[in-house]
$ cat query-v2.tsv   # TSV, N, CA and C atoms
chain	number	residue	atom	x	y	z
A	1	MET	N	10.07	9.29	-9.44
A	1	MET	CA	9.63	8.83	-8.13
A	1	MET	C	8.11	8.68	-8.14
A	2	GLN	N	7.66	7.65	-7.43
A	2	GLN	CA	6.23	7.38	-7.31
A	2	GLN	C	5.84	7.41	-5.83
A	3	LEU	N	4.64	7.86	-5.56
A	3	LEU	CA	4.10	7.85	-4.20
A	3	LEU	C	3.35	6.53	-4.02
A	4	ILE	N	3.78	5.74	-3.05
A	4	ILE	CA	3.18	4.42	-2.84
A	4	ILE	C	2.70	4.28	-1.39
A	5	PHE	N	1.54	3.65	-1.26
A	5	PHE	CA	0.94	3.32	0.02
A	5	PHE	C	1.14	1.84	0.26
A	6	VAL	N	1.83	1.48	1.36
A	6	VAL	CA	2.03	0.07	1.69
A	6	VAL	C	1.28	-0.23	2.98
A	7	TYR	N	0.67	-1.40	3.05
A	7	TYR	CA	-0.24	-1.73	4.14
A	7	TYR	C	0.04	-3.09	4.78
A	8	GLY	N	1.07	-3.80	4.30
A	8	GLY	CA	1.29	-5.16	4.78
A	8	GLY	C	2.74	-5.48	4.99
A	9	THR	N	3.21	-6.51	4.29
A	9	THR	CA	4.56	-7.03	4.51
A	9	THR	C	5.67	-6.09	4.06
A	10	LEU	N	5.34	-5.01	3.36
A	10	LEU	CA	6.35	-4.02	2.98
A	10	LEU	C	6.55	-2.95	4.05
A	11	LYS	N	5.67	-2.91	5.05
A	11	LYS	CA	5.80	-1.93	6.12
A	11	LYS	C	7.04	-2.21	6.97
A	12	ARG	N	7.50	-1.19	7.67
A	12	ARG	CA	8.64	-1.32	8.58
A	12	ARG	C	8.34	-2.41	9.60
A	13	GLY	N	9.33	-3.28	9.84
A	13	GLY	CA	9.19	-4.34	10.81
A	13	GLY	C	8.60	-5.63	10.26
A	14	PHE	N	8.27	-5.65	8.96
A	14	PHE	CA	7.68	-6.84	8.36
A	14	PHE	C	8.65	-7.48	7.37
A	15	SER	N	8.30	-8.68	6.92
A	15	SER	CA	9.22	-9.56	6.19
A	15	SER	C	9.76	-9.00	4.87
A	16	ARG	N	9.02	-8.18	4.18
A	16	ARG	CA	9.48	-7.70	2.87
A	16	ARG	C	9.89	-6.23	2.87
A	17	HIS	N	10.04	-5.66	4.04
A	17	HIS	CA	10.40	-4.25	4.12
A	17	HIS	C	11.75	-3.95	3.45
A	18	SER	N	12.65	-4.92	3.45
A	18	SER	CA	13.97	-4.67	2.86
A	18	SER	C	13.87	-4.23	1.40
A	19	ALA	N	12.78	-4.56	0.72
A	19	ALA	CA	12.60	-4.17	-0.68
A	19	ALA	C	12.43	-2.66	-0.85
A	20	ILE	N	12.00	-1.97	0.21
A	20	ILE	CA	11.83	-0.51	0.12
A	20	ILE	C	12.60	0.24	1.21
A	21	ALA	N	13.41	-0.48	1.97
A	21	ALA	CA	14.11	0.14	3.09
A	21	ALA	C	15.00	1.31	2.67
A	22	ASN	N	15.51	1.28	1.45
A	22	ASN	CA	16.39	2.37	1.00
A	22	ASN	C	15.64	3.47	0.25
A	23	GLN	N	14.31	3.40	0.25
A	23	GLN	CA	13.50	4.44	-0.38
A	23	GLN	C	13.09	5.47	0.68
A	24	ARG	N	12.52	6.57	0.26
A	24	ARG	CA	12.20	7.66	1.19
A	24	ARG	C	10.86	7.43	1.88
A	25	TYR	N	10.92	7.18	3.18
A	25	TYR	CA	9.73	7.05	4.02
A	25	TYR	C	9.16	8.44	4.26
A	26	LEU	N	7.86	8.61	4.03
A	26	LEU	CA	7.24	9.92	4.25
A	26	LEU	C	6.42	9.99	5.52
A	27	GLY	N	5.78	8.88	5.90
A	27	GLY	CA	4.96	8.90	7.12
A	27	GLY	C	3.83	7.90	7.04
A	28	ILE	N	2.89	8.04	7.98
A	28	ILE	CA	1.75	7.14	8.01
A	28	ILE	C	0.60	7.73	7.20
A	29	ALA	N	-0.30	6.84	6.75
A	29	ALA	CA	-1.44	7.29	5.96
A	29	ALA	C	-2.62	6.38	6.21
A	30	PHE	N	-3.78	6.88	5.86
A	30	PHE	CA	-5.03	6.14	5.99
A	30	PHE	C	-5.76	6.24	4.66
A	31	SER	N	-6.20	5.10	4.16
A	31	SER	CA	-6.97	5.11	2.91
A	31	SER	C	-8.35	5.69	3.20
A	32	SER	N	-9.03	6.10	2.15
A	32	SER	CA	-10.44	6.45	2.31
A	32	SER	C	-11.19	5.15	2.61
A	33	PRO	N	-12.39	5.22	3.16
A	33	PRO	CA	-13.11	3.99	3.54
A	33	PRO	C	-13.75	3.28	2.34
A	34	LYS	N	-12.95	3.01	1.33
A	34	LYS	CA	-13.42	2.34	0.11
A	34	LYS	C	-12.76	0.99	-0.08
A	35	TYR	N	-12.07	0.49	0.95
A	35	TYR	CA	-11.25	-0.70	0.81
A	35	TYR	C	-11.46	-1.64	2.00
A	36	SER	N	-11.19	-2.90	1.77
A	36	SER	CA	-11.13	-3.90	2.83
A	36	SER	C	-9.84	-4.68	2.67
A	37	MET	N	-9.40	-5.32	3.76
A	37	MET	CA	-8.15	-6.05	3.73
A	37	MET	C	-8.37	-7.42	4.37
A	38	PHE	N	-7.88	-8.45	3.70
A	38	PHE	CA	-8.07	-9.82	4.14
A	38	PHE	C	-6.73	-10.53	4.28
A	39	HIS	N	-6.69	-11.50	5.18
A	39	HIS	CA	-5.47	-12.29	5.43
A	39	HIS	C	-5.47	-13.50	4.50
A	40	ILE	N	-4.48	-13.56	3.61
A	40	ILE	CA	-4.35	-14.66	2.65
A	40	ILE	C	-2.98	-15.30	2.84
A	41	SER	N	-2.91	-16.49	3.35
A	41	SER	CA	-1.65	-17.25	3.45
A	41	SER	C	-0.46	-16.45	3.95
A	42	GLY	N	-0.59	-15.71	5.01
A	42	GLY	CA	0.53	-14.99	5.60
A	42	GLY	C	0.74	-13.58	5.08
A	43	PHE	N	-0.10	-13.11	4.18
A	43	PHE	CA	0.04	-11.73	3.71
A	43	PHE	C	-1.35	-11.11	3.60
A	44	PRO	N	-1.42	-9.78	3.62
A	44	PRO	CA	-2.71	-9.12	3.48
A	44	PRO	C	-3.06	-8.89	2.01
A	45	ALA	N	-4.35	-8.84	1.76
A	45	ALA	CA	-4.85	-8.59	0.41
A	45	ALA	C	-5.83	-7.42	0.48
A	46	LEU	N	-5.46	-6.31	-0.10
A	46	LEU	CA	-6.32	-5.13	-0.17
A	46	LEU	C	-7.24	-5.28	-1.37
A	47	ILE	N	-8.53	-5.02	-1.16
A	47	ILE	CA	-9.48	-5.03	-2.27
A	47	ILE	C	-10.32	-3.76	-2.22
A	48	GLU	N	-10.84	-3.36	-3.36
A	48	GLU	CA	-11.80	-2.26	-3.38
A	48	GLU	C	-13.11	-2.77	-2.82
A	49	ASP	N	-13.75	-1.95	-1.97
A	49	ASP	CA	-14.98	-2.37	-1.31
A	49	ASP	C	-15.79	-1.12	-0.96
A	50	SER	N	-16.53	-0.61	-1.93
A	50	SER	CA	-17.27	0.63	-1.71
A	50	SER	C	-18.47	0.42	-0.77
A	51	LYS	N	-18.94	-0.82	-0.62
A	51	LYS	CA	-20.10	-1.09	0.23
A	51	LYS	C	-19.72	-1.19	1.72
A	52	ASP	N	-18.76	-2.05	2.04
A	52	ASP	CA	-18.40	-2.30	3.44
A	52	ASP	C	-16.97	-1.86	3.78
A	53	GLY	N	-16.39	-1.02	2.95
A	53	GLY	CA	-15.00	-0.63	3.14
A	53	GLY	C	-14.75	0.14	4.42
A	54	LYS	N	-13.48	0.21	4.78
A	54	LYS	CA	-13.04	0.92	5.97
A	54	LYS	C	-11.71	1.60	5.67
A	55	GLU	N	-11.30	2.50	6.52
A	55	GLU	CA	-9.96	3.08	6.37
A	55	GLU	C	-8.92	2.01	6.65
A	56	ILE	N	-7.95	1.90	5.77
A	56	ILE	CA	-6.84	0.97	5.96
A	56	ILE	C	-5.63	1.81	6.37
A	57	TRP	N	-4.91	1.35	7.37
A	57	TRP	CA	-3.75	2.06	7.89
A	57	TRP	C	-2.50	1.55	7.20
A	58	GLY	N	-1.61	2.47	6.82
A	58	GLY	CA	-0.38	2.07	6.15
A	58	GLY	C	0.69	3.14	6.23
A	59	GLU	N	1.68	2.98	5.37
A	59	GLU	CA	2.81	3.90	5.31
A	59	GLU	C	2.96	4.43	3.89
A	60	LEU	N	3.46	5.65	3.78
A	60	LEU	CA	3.71	6.28	2.49
A	60	LEU	C	5.21	6.34	2.22
A	61	TYR	N	5.58	6.06	0.97
A	61	TYR	CA	6.97	6.12	0.53
A	61	TYR	C	7.04	6.78	-0.84
A	62	GLU	N	8.14	7.46	-1.09
A	62	GLU	CA	8.53	7.83	-2.44
A	62	GLU	C	9.47	6.74	-2.91
A	63	VAL	N	9.13	6.11	-4.03
A	63	VAL	CA	9.98	5.03	-4.53
A	63	VAL	C	10.41	5.32	-5.96
A	64	SER	N	11.59	4.86	-6.29
A	64	SER	CA	12.11	5.04	-7.65
A	64	SER	C	11.40	4.09	-8.60
A	65	ASP	N	11.49	4.38	-9.89
A	65	ASP	CA	10.90	3.50	-10.90
A	65	ASP	C	11.54	2.12	-10.84
A	66	GLU	N	12.84	2.07	-10.58
A	66	GLU	CA	13.55	0.79	-10.45
A	66	GLU	C	12.99	-0.03	-9.28
A	67	CYS	N	12.76	0.63	-8.15
A	67	CYS	CA	12.19	-0.05	-6.99
A	67	CYS	C	10.77	-0.54	-7.31
A	68	LEU	N	10.01	0.27	-8.02
A	68	LEU	CA	8.64	-0.11	-8.38
A	68	LEU	C	8.61	-1.37	-9.24
A	69	MET	N	9.57	-1.50	-10.15
A	69	MET	CA	9.65	-2.71	-10.97
A	69	MET	C	9.96	-3.94	-10.09
A	70	ARG	N	10.83	-3.76	-9.12
A	70	ARG	CA	11.16	-4.83	-8.18
A	70	ARG	C	9.93	-5.20	-7.35
A	71	LEU	N	9.18	-4.19	-6.92
A	71	LEU	CA	7.95	-4.45	-6.15
A	71	LEU	C	6.91	-5.18	-6.99
A	72	ASP	N	6.83	-4.84	-8.28
A	72	ASP	CA	5.91	-5.54	-9.18
A	72	ASP	C	6.23	-7.04	-9.21
A	73	GLU	N	7.51	-7.38	-9.22
A	73	GLU	CA	7.92	-8.79	-9.20
A	73	GLU	C	7.52	-9.44	-7.87
A	74	ILE	N	7.81	-8.77	-6.77
A	74	ILE	CA	7.50	-9.30	-5.44
A	74	ILE	C	6.00	-9.52	-5.29
A	75	GLU	N	5.20	-8.59	-5.80
A	75	GLU	CA	3.75	-8.64	-5.63
A	75	GLU	C	3.05	-9.48	-6.70
A	76	GLY	N	3.80	-10.09	-7.60
A	76	GLY	CA	3.22	-11.00	-8.58
A	76	GLY	C	2.34	-10.32	-9.62
A	77	VAL	N	2.70	-9.12	-10.01
A	77	VAL	CA	1.90	-8.38	-10.99
A	77	VAL	C	1.79	-9.14	-12.31
A	78	LEU	N	2.89	-9.73	-12.78
A	78	LEU	CA	2.85	-10.47	-14.05
A	78	LEU	C	1.97	-11.71	-13.97
A	79	HIS	N	1.73	-12.20	-12.76
A	79	HIS	CA	0.89	-13.39	-12.57
A	79	HIS	C	-0.53	-13.02	-12.15
A	80	ASN	N	-0.82	-11.71	-12.22
A	80	ASN	CA	-2.14	-11.19	-11.87
A	80	ASN	C	-2.56	-11.51	-10.43
A	81	LEU	N	-1.57	-11.57	-9.52
A	81	LEU	CA	-1.88	-11.74	-8.11
A	81	LEU	C	-2.30	-10.39	-7.52
A	82	PHE	N	-1.50	-9.38	-7.76
A	82	PHE	CA	-1.80	-8.00	-7.39
A	82	PHE	C	-1.64	-7.12	-8.62
A	83	GLN	N	-2.33	-5.99	-8.62
A	83	GLN	CA	-2.14	-4.97	-9.64
A	83	GLN	C	-1.87	-3.64	-8.94
A	84	ARG	N	-1.01	-2.86	-9.54
A	84	ARG	CA	-0.72	-1.54	-9.03
A	84	ARG	C	-1.88	-0.63	-9.44
A	85	CYS	N	-2.56	-0.03	-8.46
A	85	CYS	CA	-3.75	0.78	-8.73
A	85	CYS	C	-3.69	2.08	-7.91
A	86	PRO	N	-4.28	3.14	-8.45
A	86	PRO	CA	-4.39	4.36	-7.64
A	86	PRO	C	-5.43	4.15	-6.53
A	87	ILE	N	-5.12	4.66	-5.36
A	87	ILE	CA	-6.09	4.64	-4.27
A	87	ILE	C	-6.23	6.05	-3.72
A	88	THR	N	-7.31	6.27	-3.01
A	88	THR	CA	-7.59	7.56	-2.39
A	88	THR	C	-7.22	7.50	-0.92
A	89	LEU	N	-6.52	8.50	-0.46
A	89	LEU	CA	-6.15	8.60	0.95
A	89	LEU	C	-7.11	9.54	1.66
A	90	SER	N	-7.52	9.18	2.88
A	90	SER	CA	-8.36	10.09	3.65
A	90	SER	C	-7.50	11.09	4.41
A	91	SER	N	-6.34	10.62	4.88
A	91	SER	CA	-5.44	11.51	5.60
A	91	SER	C	-4.04	10.89	5.67
A	92	PHE	N	-3.09	11.72	6.05
A	92	PHE	CA	-1.72	11.26	6.23
A	92	PHE	C	-1.02	12.18	7.21
A	93	ASN	N	0.04	11.67	7.81
A	93	ASN	CA	0.84	12.42	8.77
A	93	ASN	C	2.29	12.24	8.35
A	94	LEU	N	2.87	13.27	7.78
A	94	LEU	CA	4.22	13.18	7.24
A	94	LEU	C	5.28	13.38	8.32
A	95	SER	N	6.28	12.52	8.31
A	95	SER	CA	7.44	12.72	9.18
A	95	SER	C	8.64	13.20	8.36
A	96	ASN	N	8.56	13.05	7.04
A	96	ASN	CA	9.56	13.58	6.12
A	96	ASN	C	8.83	14.27	4.97
A	97	LEU	N	9.39	15.34	4.49
A	97	LEU	CA	8.76	16.05	3.38
A	97	LEU	C	9.08	15.37	2.05
A	98	PRO	N	8.14	15.44	1.10
A	98	PRO	CA	8.39	14.85	-0.22
A	98	PRO	C	9.49	15.60	-0.94
A	99	THR	N	10.10	14.92	-1.93
A	99	THR	CA	11.21	15.54	-2.66
A	99	THR	C	10.87	15.89	-4.10
A	100	THR	N	9.71	15.45	-4.59
A	100	THR	CA	9.38	15.73	-5.98
A	100	THR	C	8.04	16.43	-6.10
A	101	LYS	N	7.91	17.17	-7.17
A	101	LYS	CA	6.65	17.87	-7.44
A	101	LYS	C	5.51	16.86	-7.65
A	102	ALA	N	5.80	15.75	-8.31
A	102	ALA	CA	4.77	14.73	-8.54
A	102	ALA	C	4.25	14.17	-7.22
A	103	THR	N	5.13	13.96	-6.25
A	103	THR	CA	4.70	13.47	-4.95
A	103	THR	C	3.83	14.50	-4.25
A	104	ILE	N	4.22	15.75	-4.31
A	104	ILE	CA	3.43	16.82	-3.70
A	104	ILE	C	2.05	16.89	-4.36
A	105	GLU	N	1.99	16.77	-5.68
A	105	GLU	CA	0.71	16.78	-6.37
A	105	GLU	C	-0.16	15.60	-5.95
A	106	GLY	N	0.45	14.41	-5.81
A	106	GLY	CA	-0.30	13.25	-5.35
A	106	GLY	C	-0.87	13.46	-3.95
A	107	LEU	N	-0.06	14.02	-3.07
A	107	LEU	CA	-0.54	14.30	-1.71
A	107	LEU	C	-1.64	15.34	-1.72
A	108	ASN	N	-1.50	16.37	-2.55
A	108	ASN	CA	-2.55	17.39	-2.65
A	108	ASN	C	-3.87	16.80	-3.13
A	109	LYS	N	-3.79	15.80	-4.00
A	109	LYS	CA	-5.00	15.14	-4.51
A	109	LYS	C	-5.44	13.98	-3.61
A	110	HIS	N	-4.66	13.70	-2.57
A	110	HIS	CA	-4.91	12.57	-1.67
A	110	HIS	C	-4.91	11.25	-2.43
A	111	GLU	N	-3.93	11.09	-3.31
A	111	GLU	CA	-3.82	9.87	-4.12
A	111	GLU	C	-2.42	9.27	-3.98
A	112	ALA	N	-2.38	7.96	-4.00
A	112	ALA	CA	-1.14	7.20	-4.03
A	112	ALA	C	-1.43	5.93	-4.81
A	113	ILE	N	-0.38	5.16	-5.08
A	113	ILE	CA	-0.62	3.85	-5.68
A	113	ILE	C	-0.46	2.79	-4.60
A	114	ALA	N	-1.15	1.69	-4.79
A	114	ALA	CA	-1.07	0.56	-3.86
A	114	ALA	C	-1.25	-0.71	-4.67
A	115	TYR	N	-0.86	-1.82	-4.08
A	115	TYR	CA	-1.04	-3.11	-4.73
A	115	TYR	C	-2.38	-3.69	-4.27
A	116	VAL	N	-3.29	-3.86	-5.23
A	116	VAL	CA	-4.65	-4.34	-4.97
A	116	VAL	C	-4.74	-5.79	-5.43
A	117	TYR	N	-5.28	-6.63	-4.56
A	117	TYR	CA	-5.38	-8.07	-4.79
A	117	TYR	C	-6.37	-8.37	-5.91
A	118	GLN	N	-6.04	-9.34	-6.77
A	118	GLN	CA	-6.84	-9.65	-7.95
A	118	GLN	C	-7.51	-11.02	-7.90
A	119	LYS	N	-7.27	-11.80	-6.87
A	119	LYS	CA	-7.83	-13.16	-6.80
A	119	LYS	C	-9.03	-13.19	-5.87
A	120	ASP	N	-9.63	-14.35	-5.76
A	120	ASP	CA	-10.81	-14.56	-4.92
A	120	ASP	C	-10.42	-14.51	-3.44
A	121	ILE	N	-11.22	-13.83	-2.63
A	121	ILE	CA	-10.95	-13.72	-1.19
A	121	ILE	C	-11.94	-14.55	-0.37
A	122	SER	N	-12.72	-15.39	-1.02
A	122	SER	CA	-13.72	-16.21	-0.31
A	122	SER	C	-13.08	-16.99	0.83
A	123	GLY	N	-13.68	-16.88	2.01
A	123	GLY	CA	-13.20	-17.61	3.18
A	123	GLY	C	-12.02	-16.97	3.89
A	124	ALA	N	-11.50	-15.89	3.36
A	124	ALA	CA	-10.35	-15.23	3.99
A	124	ALA	C	-10.81	-14.42	5.20
A	125	ARG	N	-9.93	-14.33	6.20
A	125	ARG	CA	-10.21	-13.58	7.42
A	125	ARG	C	-10.00	-12.09	7.19
A	126	ASP	N	-10.92	-11.29	7.63
A	126	ASP	CA	-10.83	-9.83	7.53
A	126	ASP	C	-9.74	-9.34	8.48
A	127	CYS	N	-8.82	-8.52	7.98
A	127	CYS	CA	-7.73	-7.98	8.81
A	127	CYS	C	-8.14	-6.73	9.58
A	128	GLY	N	-9.29	-6.18	9.29
A	128	GLY	CA	-9.66	-4.92	9.92
A	128	GLY	C	-8.91	-3.76	9.28
A	129	HIS	N	-8.54	-2.78	10.10
A	129	HIS	CA	-7.89	-1.57	9.61
A	129	HIS	C	-6.38	-1.72	9.40
A	130	CYS	N	-5.78	-2.70	10.10
A	130	CYS	CA	-4.31	-2.75	10.12
A	130	CYS	C	-3.83	-4.20	10.11
A	131	PHE	N	-2.94	-4.53	9.18
A	131	PHE	CA	-2.34	-5.85	9.14
A	131	PHE	C	-1.29	-5.95	10.24
A	132	THR	N	-1.39	-7.01	11.03
A	132	THR	CA	-0.42	-7.25	12.09
A	132	THR	C	0.09	-8.68	11.96
A	133	LEU	N	1.12	-8.99	12.72
A	133	LEU	CA	1.71	-10.34	12.67
A	133	LEU	C	0.81	-11.38	13.35
A	134	ARG	N	-0.06	-10.97	14.20
A	134	ARG	CA	-0.95	-11.93	14.89
A	134	ARG	C	-2.38	-11.50	14.75

$ encode --input "query-v2.tsv" --output "structure tokens"
Amino acid sequence: MQLIFVYGTLKRGFSRHSAIANQRYLGIAFSSPKYSMFHISGFPALIEDSKDGKEIWGELYEVSDECLMRLDEIEGVLHNLFQRCPITLSSFNLSNLPTTKATIEGLNKHEAIAYVYQKDISGARDCGHCFTLR
């Protein structure tokens, strides 16, 4: 199992949530203020931004390795659209307890993995702290 932070279309109520709907939802989380998020063609793009970064709001899940491989396909990892990267969490609020020691260790270190955008964001609209449908 992997601890993953989702911030866009994989969140509950969004178009790609079905890809993780059967995984264990843990609760809401906030990244450390080292990231920015931009709107790219109907989806958000998280980037590292140590200069102007802000807390990004998202959800935490425990996902299986099989689910992670499926998410890699959805997020275009092989095409270098997104890469799976460790991110730092500033805080989280759990509604379900983790089931694995690795997840507990990740939470203790305030670390999770997230999909970080790898392409140019020039001209893209800043999403602020939270990706929404409008």

$ closest_atom_pairs --input "query-v2.tsv" --of "segment 58-90 of chain A" --to "segment 41-47 of chain A" --cutoff "12 Å" --atoms "only C-alpha atoms" --output "JSON lines"
{"residue": "A:Gly58", "atom": "CA", "partner": "A:Leu46", "partner_atom": "CA", "distance": 11.3}
{"residue": "A:Glu75", "atom": "CA", "partner": "A:Ala45", "partner_atom": "CA", "distance": 10.5}
{"residue": "A:Leu81", "atom": "CA", "partner": "A:Ala45", "partner_atom": "CA", "distance": 9.6}
{"residue": "A:Phe82", "atom": "CA", "partner": "A:Ala45", "partner_atom": "CA", "distance": 8.4}
{"residue": "A:Gln83", "atom": "CA", "partner": "A:Leu46", "partner_atom": "CA", "distance": 10.4}
{"residue": "A:Arg84", "atom": "CA", "partner": "A:Leu46", "partner_atom": "CA", "distance": 11.1}
{"residue": "A:Cys85", "atom": "CA", "partner": "A:Ile47", "partner_atom": "CA", "distance": 10.4}
{"residue": "A:Pro86", "atom": "CA", "partner": "A:Ile47", "partner_atom": "CA", "distance": 12.0}
{"residue": "A:Ile87", "atom": "CA", "partner": "A:Ile47", "partner_atom": "CA", "distance": 10.4}

$ select_by_dssp --input "query-v2.tsv" --residues "chain A" --states "helix (DSSP H, G or I)" --output "ChimeraX atom specification"
/A:17-19,65-74,77-79,101-108

$ atom_distance --input "query-v2.tsv" --atom1 "atom CA of Glu55 of chain A" --atom2 "atom CA of Ala29 of chain A"
9.5 Å

$ residues_around --input "query-v2.tsv" --residues "Thr100 of chain A" --least-positions-apart "3" --cutoff "8 Å" --atoms "only C-alpha atoms" --output "MDAnalysis selection string"
chainID A and resid 1 103:104

$ closest_residue --input "query-v2.tsv" --among "A:Leu94, A:Ser50, A:Ala112, A:Ala19" --to "Arg70 of chain A" --atoms "only N, CA and C atoms"
A:Ala19

$ select_by_dssp --input "query-v2.tsv" --residues "chain A" --states "strand (DSSP E)" --output "MDAnalysis selection string"
chainID A and resid 2:6 24:31 35:40 43:48 57:63 82:94 111:117 125:126
